[in-house]
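Here is the file protein_16.txt (compact mmCIF, C-alpha atoms).
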# COMPACT_ATOMS: atom_id res chain seq x y z
CA MET T 1 0.00 0.00 0.00
CA ASN T 2 1.58 3.23 -1.18
CA LEU T 3 0.93 6.88 -0.46
CA ASP T 4 -0.95 8.77 -3.12
CA PRO T 5 1.60 9.97 -5.71
CA GLN T 6 0.64 13.60 -5.11
CA LEU T 7 1.01 13.18 -1.35
CA ALA T 8 4.27 11.26 -1.32
CA PRO T 9 6.51 14.24 -2.19
CA LEU T 10 4.61 16.47 0.27
CA ILE T 11 4.41 14.22 3.31
CA GLU T 12 7.74 15.19 4.87
CA ALA T 13 6.92 18.89 4.67
CA LEU T 14 3.38 18.32 5.91
CA ASP T 15 4.54 16.23 8.83
CA SER T 16 7.41 18.50 9.86
CA GLY T 17 5.13 21.51 9.60
CA PHE T 18 2.47 20.06 11.89
CA PRO T 19 2.54 22.25 15.02
CA PRO T 20 3.41 20.55 18.35
CA VAL T 21 -0.07 21.13 19.73
CA HIS T 22 0.53 18.62 22.52
CA GLU T 23 2.99 21.12 24.02
CA MET T 24 0.46 23.98 23.95
CA THR T 25 -2.64 25.08 25.78
CA GLY T 26 -5.90 24.80 23.91
CA ALA T 27 -5.93 28.54 23.29
CA GLN T 28 -2.37 28.48 21.96
CA ALA T 29 -3.12 25.58 19.64
CA ARG T 30 -6.25 27.34 18.42
CA ALA T 31 -4.35 30.54 17.68
CA THR T 32 -1.58 28.66 15.88
CA ILE T 33 -3.97 26.76 13.64
CA ARG T 34 -6.01 29.89 12.93
CA SER T 35 -2.87 31.86 11.99
CA ARG T 36 -2.12 29.31 9.26
CA PHE T 37 -5.56 29.44 7.69
CA VAL T 38 -5.62 30.86 4.16
CA PRO T 39 -9.15 31.22 2.73
CA PRO T 40 -9.64 30.46 -0.95
CA PRO T 41 -9.52 33.58 -3.13
CA LYS T 42 -12.94 32.80 -4.58
CA PRO T 43 -15.31 30.74 -2.41
CA GLU T 44 -17.46 28.19 -4.20
CA SER T 45 -20.86 29.71 -4.92
CA LEU T 46 -24.19 28.55 -3.55
CA ALA T 47 -27.70 29.95 -3.59
CA SER T 48 -27.18 31.24 -0.04
CA VAL T 49 -24.83 31.01 2.92
CA ASP T 50 -26.18 32.32 6.22
CA ASP T 51 -24.99 32.28 9.81
CA VAL T 52 -27.69 31.56 12.36
CA VAL T 53 -27.81 31.43 16.15
CA ILE T 54 -29.62 28.50 17.69
CA ALA T 55 -30.85 28.24 21.26
CA GLY T 56 -29.10 25.24 22.74
CA ASP T 57 -29.80 23.74 26.13
CA ASP T 58 -26.57 25.22 27.48
CA GLY T 59 -26.57 28.50 25.60
CA PRO T 60 -26.60 29.87 22.04
CA ILE T 61 -24.89 27.90 19.27
CA THR T 62 -23.79 29.48 16.01
CA ALA T 63 -24.19 27.50 12.81
CA ARG T 64 -23.75 28.20 9.10
CA VAL T 65 -26.45 27.15 6.64
CA TYR T 66 -25.37 26.34 3.07
CA ARG T 67 -28.13 26.04 0.48
CA PRO T 68 -27.16 24.99 -3.04
CA ALA T 69 -28.89 26.20 -6.18
CA ALA T 70 -31.07 23.11 -6.57
CA GLU T 71 -34.75 22.34 -6.50
CA VAL T 72 -36.21 22.34 -2.99
CA PRO T 73 -37.01 20.67 -0.72
CA LEU T 74 -33.50 19.32 -0.32
CA PRO T 75 -32.04 16.76 2.06
CA LEU T 76 -30.46 18.11 5.26
CA VAL T 77 -26.95 17.38 6.47
CA VAL T 78 -25.76 18.58 9.88
CA TYR T 79 -21.96 18.80 9.79
CA ALA T 80 -19.39 18.73 12.61
CA HIS T 81 -15.92 19.97 11.67
CA GLY T 82 -12.69 18.25 12.65
CA GLY T 83 -9.93 19.75 14.78
CA GLY T 84 -9.33 17.35 17.65
CA PHE T 85 -12.27 18.78 19.64
CA VAL T 86 -9.95 21.75 20.36
CA PHE T 87 -9.56 23.92 17.25
CA CYS T 88 -10.97 24.72 13.80
CA ASP T 89 -14.29 26.43 13.25
CA LEU T 90 -16.88 27.40 10.65
CA ASP T 91 -14.30 29.23 8.55
CA SER T 92 -11.67 26.48 8.54
CA HIS T 93 -14.17 24.06 7.00
CA ASP T 94 -16.10 26.56 4.92
CA ALA T 95 -14.62 25.45 1.60
CA LEU T 96 -15.24 21.77 2.32
CA CYS T 97 -18.82 22.41 3.46
CA ARG T 98 -19.59 24.48 0.36
CA ASN T 99 -18.32 21.68 -1.85
CA LEU T 100 -20.17 18.92 0.00
CA ALA T 101 -23.42 20.91 -0.08
CA ASN T 102 -23.17 21.35 -3.85
CA LEU T 103 -22.04 17.79 -4.57
CA THR T 104 -24.75 16.01 -2.58
CA PRO T 105 -26.80 18.33 -3.15
CA ALA T 106 -28.23 19.15 0.26
CA VAL T 107 -28.78 21.96 2.70
CA LEU T 108 -25.72 21.60 4.91
CA ILE T 109 -25.63 23.07 8.41
CA SER T 110 -22.13 23.42 9.88
CA VAL T 111 -22.03 23.59 13.69
CA ASP T 112 -19.75 25.93 15.64
CA TYR T 113 -19.80 23.64 18.67
CA ARG T 114 -18.08 24.42 21.97
CA LEU T 115 -14.39 23.52 22.04
CA ALA T 116 -12.21 21.77 24.61
CA PRO T 117 -10.53 22.08 27.02
CA GLU T 118 -12.67 25.02 28.12
CA ASN T 119 -15.74 22.92 27.34
CA ARG T 120 -15.11 19.25 27.99
CA TRP T 121 -17.11 16.18 27.03
CA PRO T 122 -19.98 15.96 26.31
CA ALA T 123 -20.40 19.68 25.46
CA ALA T 124 -19.50 19.39 21.77
CA ALA T 125 -21.68 16.34 21.23
CA GLU T 126 -24.63 17.99 22.96
CA ASP T 127 -24.26 21.04 20.70
CA VAL T 128 -24.27 18.97 17.51
CA TYR T 129 -27.29 17.03 18.73
CA ALA T 130 -29.10 20.27 19.61
CA VAL T 131 -28.50 21.66 16.12
CA THR T 132 -29.70 18.39 14.60
CA ARG T 133 -32.97 18.69 16.51
CA TRP T 134 -33.27 22.31 15.43
CA ALA T 135 -32.63 21.38 11.79
CA ALA T 136 -35.47 18.86 11.85
CA GLU T 137 -37.85 21.36 13.45
CA HIS T 138 -36.97 24.31 11.18
CA ALA T 139 -36.23 22.53 7.91
CA ALA T 140 -38.96 24.28 5.92
CA GLU T 141 -37.45 27.70 6.70
CA PHE T 142 -34.47 27.00 4.46
CA GLY T 143 -35.85 24.57 1.93
CA GLY T 144 -34.95 21.37 3.74
CA ASP T 145 -36.79 18.09 4.01
CA PRO T 146 -36.83 16.84 7.64
CA GLY T 147 -37.62 13.36 6.36
CA ARG T 148 -34.17 13.20 4.75
CA LEU T 149 -31.84 14.22 7.55
CA ALA T 150 -28.22 13.10 8.00
CA VAL T 151 -25.33 13.84 10.31
CA ALA T 152 -21.75 14.09 9.08
CA GLY T 153 -18.28 15.06 10.23
CA ASP T 154 -14.56 14.57 9.77
CA SER T 155 -12.06 13.34 12.37
CA ALA T 156 -13.26 14.61 15.77
CA GLY T 157 -16.38 15.74 13.94
CA GLY T 158 -16.86 12.15 12.80
CA ASN T 159 -16.98 11.18 16.46
CA LEU T 160 -19.58 13.88 17.12
CA ALA T 161 -21.69 12.77 14.15
CA ALA T 162 -21.60 9.15 15.29
CA VAL T 163 -22.51 10.17 18.86
CA THR T 164 -25.34 12.38 17.58
CA ALA T 165 -26.77 9.37 15.76
CA LEU T 166 -26.67 7.44 19.04
CA MET T 167 -28.30 10.30 20.94
CA ALA T 168 -31.05 10.63 18.35
CA ARG T 169 -31.83 6.92 18.66
CA ASP T 170 -31.67 6.91 22.46
CA ARG T 171 -33.61 10.13 22.99
CA GLY T 172 -36.48 9.50 20.63
CA GLY T 173 -35.40 11.52 17.62
CA PRO T 174 -35.05 13.18 15.33
CA ASP T 175 -35.18 10.33 12.83
CA LEU T 176 -31.99 10.16 10.78
CA SER T 177 -31.63 8.75 7.29
CA ALA T 178 -27.84 8.48 7.20
CA GLN T 179 -24.51 9.25 8.84
CA LEU T 180 -21.31 10.21 7.00
CA LEU T 181 -18.18 9.53 9.05
CA ILE T 182 -14.95 10.82 7.51
CA TYR T 183 -11.86 9.18 9.09
CA PRO T 184 -13.61 9.45 12.46
CA MET T 185 -12.07 9.48 15.96
CA ILE T 186 -14.01 6.58 17.42
CA ALA T 187 -12.06 5.22 20.40
CA ALA T 188 -9.18 6.34 22.62
CA ASP T 189 -7.08 3.30 21.76
CA PHE T 190 -3.53 4.25 20.83
CA GLU T 191 -2.18 0.70 20.51
CA THR T 192 -3.75 -0.33 17.21
CA GLU T 193 -1.71 -1.51 14.26
CA SER T 194 -2.48 1.69 12.35
CA TYR T 195 -1.19 3.79 15.26
CA ARG T 196 2.00 1.71 15.20
CA LEU T 197 2.43 2.15 11.45
CA TYR T 198 1.28 5.73 10.97
CA GLY T 199 1.49 7.42 14.36
CA LYS T 200 4.74 9.09 13.34
CA GLY T 201 5.74 10.63 10.03
CA PHE T 202 2.30 10.75 8.43
CA TYR T 203 0.82 14.03 9.72
CA ASN T 204 -1.39 14.20 12.85
CA PRO T 205 1.07 12.22 15.01
CA ARG T 206 0.17 10.05 17.96
CA PRO T 207 1.14 12.63 20.65
CA ALA T 208 -1.28 15.14 19.12
CA LEU T 209 -4.09 12.60 18.82
CA GLN T 210 -3.63 11.54 22.44
CA TRP T 211 -3.60 15.19 23.50
CA TYR T 212 -6.94 15.77 21.76
CA TRP T 213 -8.53 13.08 23.91
CA ASP T 214 -6.84 14.50 27.01
CA GLN T 215 -8.44 17.89 26.32
CA TYR T 216 -11.94 16.62 25.51
CA VAL T 217 -12.34 13.51 27.69
CA PRO T 218 -9.55 13.60 30.30
CA SER T 219 -11.13 10.94 32.53
CA SER T 220 -10.29 7.38 31.47
CA SER T 221 -13.58 6.15 32.93
CA ASP T 222 -15.54 8.64 30.80
CA ARG T 223 -13.79 7.35 27.68
CA THR T 224 -15.71 4.09 27.93
CA HIS T 225 -19.05 5.91 27.70
CA PRO T 226 -20.78 5.33 24.34
CA TYR T 227 -21.22 9.08 23.87
CA ALA T 228 -17.42 9.49 24.08
CA SER T 229 -16.31 6.29 22.33
CA PRO T 230 -19.10 5.07 20.04
CA LEU T 231 -17.37 1.72 19.61
CA GLN T 232 -18.53 0.99 23.18
CA ALA T 233 -22.18 1.51 22.23
CA ARG T 234 -25.03 -0.80 21.35
CA LEU T 235 -25.28 -0.08 17.64
CA ASP T 236 -28.56 -1.60 16.48
CA GLY T 237 -31.22 0.77 15.21
CA LEU T 238 -28.79 3.34 13.83
CA PRO T 239 -29.08 4.93 10.38
CA PRO T 240 -27.03 3.59 7.44
CA ALA T 241 -23.46 4.82 7.42
CA VAL T 242 -20.94 5.96 4.85
CA VAL T 243 -17.45 5.60 6.34
CA VAL T 244 -14.42 7.18 4.68
CA VAL T 245 -11.18 5.39 5.56
CA ALA T 246 -7.69 6.74 4.87
CA GLY T 247 -5.09 4.00 4.50
CA HIS T 248 -2.11 5.88 5.99
CA ASP T 249 -3.99 7.17 9.04
CA PRO T 250 -3.42 6.33 12.71
CA LEU T 251 -7.23 6.23 12.99
CA ARG T 252 -7.65 3.74 10.14
CA ASP T 253 -8.21 0.70 12.34
CA GLU T 254 -10.82 2.32 14.58
CA ALA T 255 -12.78 3.49 11.53
CA ILE T 256 -12.68 -0.05 10.14
CA ALA T 257 -13.61 -1.50 13.55
CA TYR T 258 -16.62 0.82 13.78
CA ALA T 259 -17.77 -0.06 10.27
CA ASP T 260 -17.44 -3.75 11.17
CA ALA T 261 -19.36 -3.27 14.42
CA LEU T 262 -22.16 -1.37 12.66
CA GLU T 263 -22.50 -4.16 10.11
CA SER T 264 -22.54 -6.78 12.88
CA ALA T 265 -25.42 -4.85 14.46
CA GLY T 266 -27.37 -4.95 11.19
CA VAL T 267 -26.65 -1.38 10.10
CA PRO T 268 -25.96 -0.98 6.37
CA VAL T 269 -22.46 0.42 5.77
CA VAL T 270 -20.72 1.71 2.66
CA ARG T 271 -16.95 2.05 2.96
CA CYS T 272 -15.08 4.57 0.85
CA THR T 273 -11.48 3.47 1.29
CA PHE T 274 -8.57 5.52 0.02
CA ASP T 275 -5.42 3.55 0.73
CA GLY T 276 -3.16 6.37 -0.43
CA GLY T 277 -4.73 8.98 1.86
CA ILE T 278 -3.57 10.40 5.17
CA HIS T 279 -5.60 11.76 8.03
CA GLY T 280 -7.22 15.03 6.96
CA PHE T 281 -6.64 14.54 3.24
CA MET T 282 -10.17 15.54 2.23
CA THR T 283 -9.50 19.09 3.41
CA MET T 284 -6.48 19.37 1.10
CA PRO T 285 -7.93 20.73 -2.16
CA MET T 286 -4.62 20.52 -4.03
CA LEU T 287 -4.98 16.71 -4.06
CA ASP T 288 -6.96 14.88 -6.74
CA ILE T 289 -7.62 12.11 -4.21
CA ALA T 290 -9.40 14.65 -1.99
CA HIS T 291 -11.84 15.57 -4.74
CA GLU T 292 -12.40 11.93 -5.67
CA ALA T 293 -13.15 11.15 -2.02
CA ARG T 294 -15.60 14.04 -1.84
CA ARG T 295 -17.37 12.82 -4.98
CA GLN T 296 -17.59 9.22 -3.78
CA ALA T 297 -18.72 10.09 -0.26
CA THR T 298 -21.42 12.50 -1.41
CA GLN T 299 -22.64 10.10 -4.09
CA GLU T 300 -23.10 7.37 -1.47
CA LEU T 301 -24.69 9.82 0.95
CA ALA T 302 -27.08 11.03 -1.76
CA LYS T 303 -28.21 7.45 -2.40
CA LEU T 304 -29.25 7.18 1.24
CA LEU T 305 -31.03 10.55 1.16
Would you write out, as structure tokens, the structure that this file holds?
Amino acid sequence: MNLDPQLAPLIEALDSGFPPVHEMTGAQARATIRSRFVPPPKPESLASVDDVVIAGDDGPITARVYRPAAEVPLPLVVYAHGGGFVFCDLDSHDALCRNLANLTPAVLISVDYRLAPENRWPAAAEDVYAVTRWAAEHAAEFGGDPGRLAVAGDSAGGNLAAVTALMARDRGGPDLSAQLLIYPMIAADFETESYRLYGKGFYNPRPALQWYWDQYVPSSSDRTHPYASPLQARLDGLPPAVVVVAGHDPLRDEAIAYADALESAGVPVVRCTFDGGIHGFMTMPMLDIAHEARRQATQELAKLL
């Protein structure tokens, strides 16, 4: 299994340039990541992009609603961005969300959930669930169909999407049609084969990934809770899943394990496997593999919606 030919010559620079977040405070890591953000010169166009403020159980939550130029009503996708539960925001994932909204097509709602360590588990998951409930209740206001509602997310956001699906099942709704999990953080297990192979030298190193869990779920006993580590959950009755797996990713094995566990529980699963990819590759628009992954993932999601 080889790295994607476009990634191979970049991986050393990408890896060496990854900031040592595990040596920082959450605020320092957030500022460092934000300082490196370069928005695209011309954002991808949609019919509308609007920021909204939603009344969550623990306070207001900001979200961004992307509506493509397509016939309404459209499916709804509630999206949780990656960033180790600590950093990234609506702007860091704006380009990806625009593209996913157009490709599906669907009304996509990106959640500016509370970040760790200032807001520890389960704050982020509760925010994504609250916005998912809101999306179902207010769908008609922005041309959405509440009967075709999905949750999605990348990396830490993949964890939050998976947990939101569990919460929706356990708490009596809203009914979900699908979940899209992009190289998700599923379990705080740092001894897998993929951690051994790719925890150093392949971007997002093991110390950073461990630090993310330390910020969000510092208690080892809490990490066994299904709403922290979905692999610990009873998985029957969940919506069909599309799981994107990157081959050169420390999180590869937990994504595969979760897809296997979902299937064992009777949940339909489609795997979009990109052996040449690294963690985070779908947010790297200079890579052809990123655009192919976006096309495949949205095509499979659209089939479910």
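Residues within 7 Å of Leu231 in chain T, counting only C-alpha atoms and excluding same-chain residues fewer than 6 positions away, are Ile186, Ala187 and Tyr258 of chain T.
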Handout entry: Pick from T:Gly237, T:Pro207, T:Pro19, T:Gly199 nearest to Asp170 in chain T, counting all atoms listed in the file
Key =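 Among the listed residues, T:Gly237 lies closest to Asp170 in chain T.
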Exercise for the section: Name the residues in contact with Ile289 in chain T at a cut-off of 12 Å, using all atoms listed in the file, excluding same-chain residues fewer than 6 positions from it; report them as JSON, numbers by chain. Expected result: {"T": [3, 4, 5, 6, 7, 246, 272, 273, 274, 275, 276, 277, 278, 280, 281, 282, 283, 295, 296, 297]}
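With all atoms listed in the file as the atoms that count, the residue of T:Lys303, T:Arg196, T:His225, T:His93 with the shortest distance to Gln179 in chain T is T:Lys303.
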Tell me, as a PDB file with C-alpha atoms, in the coordinates of the input, which residues lie within 12 Å of Gly201 in chain T, counting only C-alpha atoms; anything in the same chain fewer than 6 positions away does not count.
ATOM      1  CA  ALA T   8       4.270  11.260  -1.320  1.00  0.00           C
ATOM      2  CA  LEU T  10       4.610  16.470   0.270  1.00  0.00           C
ATOM      3  CA  ILE T  11       4.410  14.220   3.310  1.00  0.00           C
ATOM      4  CA  GLU T  12       7.740  15.190   4.870  1.00  0.00           C
ATOM      5  CA  ALA T  13       6.920  18.890   4.670  1.00  0.00           C
ATOM      6  CA  LEU T  14       3.380  18.320   5.910  1.00  0.00           C
ATOM      7  CA  ASP T  15       4.540  16.230   8.830  1.00  0.00           C
ATOM      8  CA  SER T  16       7.410  18.500   9.860  1.00  0.00           C
ATOM      9  CA  GLY T  17       5.130  21.510   9.600  1.00  0.00           C
ATOM     10  CA  PHE T  18       2.470  20.060  11.890  1.00  0.00           C
ATOM     11  CA  TYR T 195      -1.190   3.790  15.260  1.00  0.00           C
ATOM     12  CA  PRO T 207       1.140  12.630  20.650  1.00  0.00           C
ATOM     13  CA  HIS T 248      -2.110   5.880   5.990  1.00  0.00           C
ATOM     14  CA  ASP T 249      -3.990   7.170   9.040  1.00  0.00           C
ATOM     15  CA  PRO T 250      -3.420   6.330  12.710  1.00  0.00           C
ATOM     16  CA  ILE T 278      -3.570  10.400   5.170  1.00  0.00           C
ATOM     17  CA  HIS T 279      -5.600  11.760   8.030  1.00  0.00           C
TER      18      HIS T 279
END
Practice task
Have a look at T:Ala124, T:Leu262, T:Ile109, T:Leu76 and name the one nearest to Gly56 in chain T; count only C-alpha atoms.
Solution key: T:Ala124
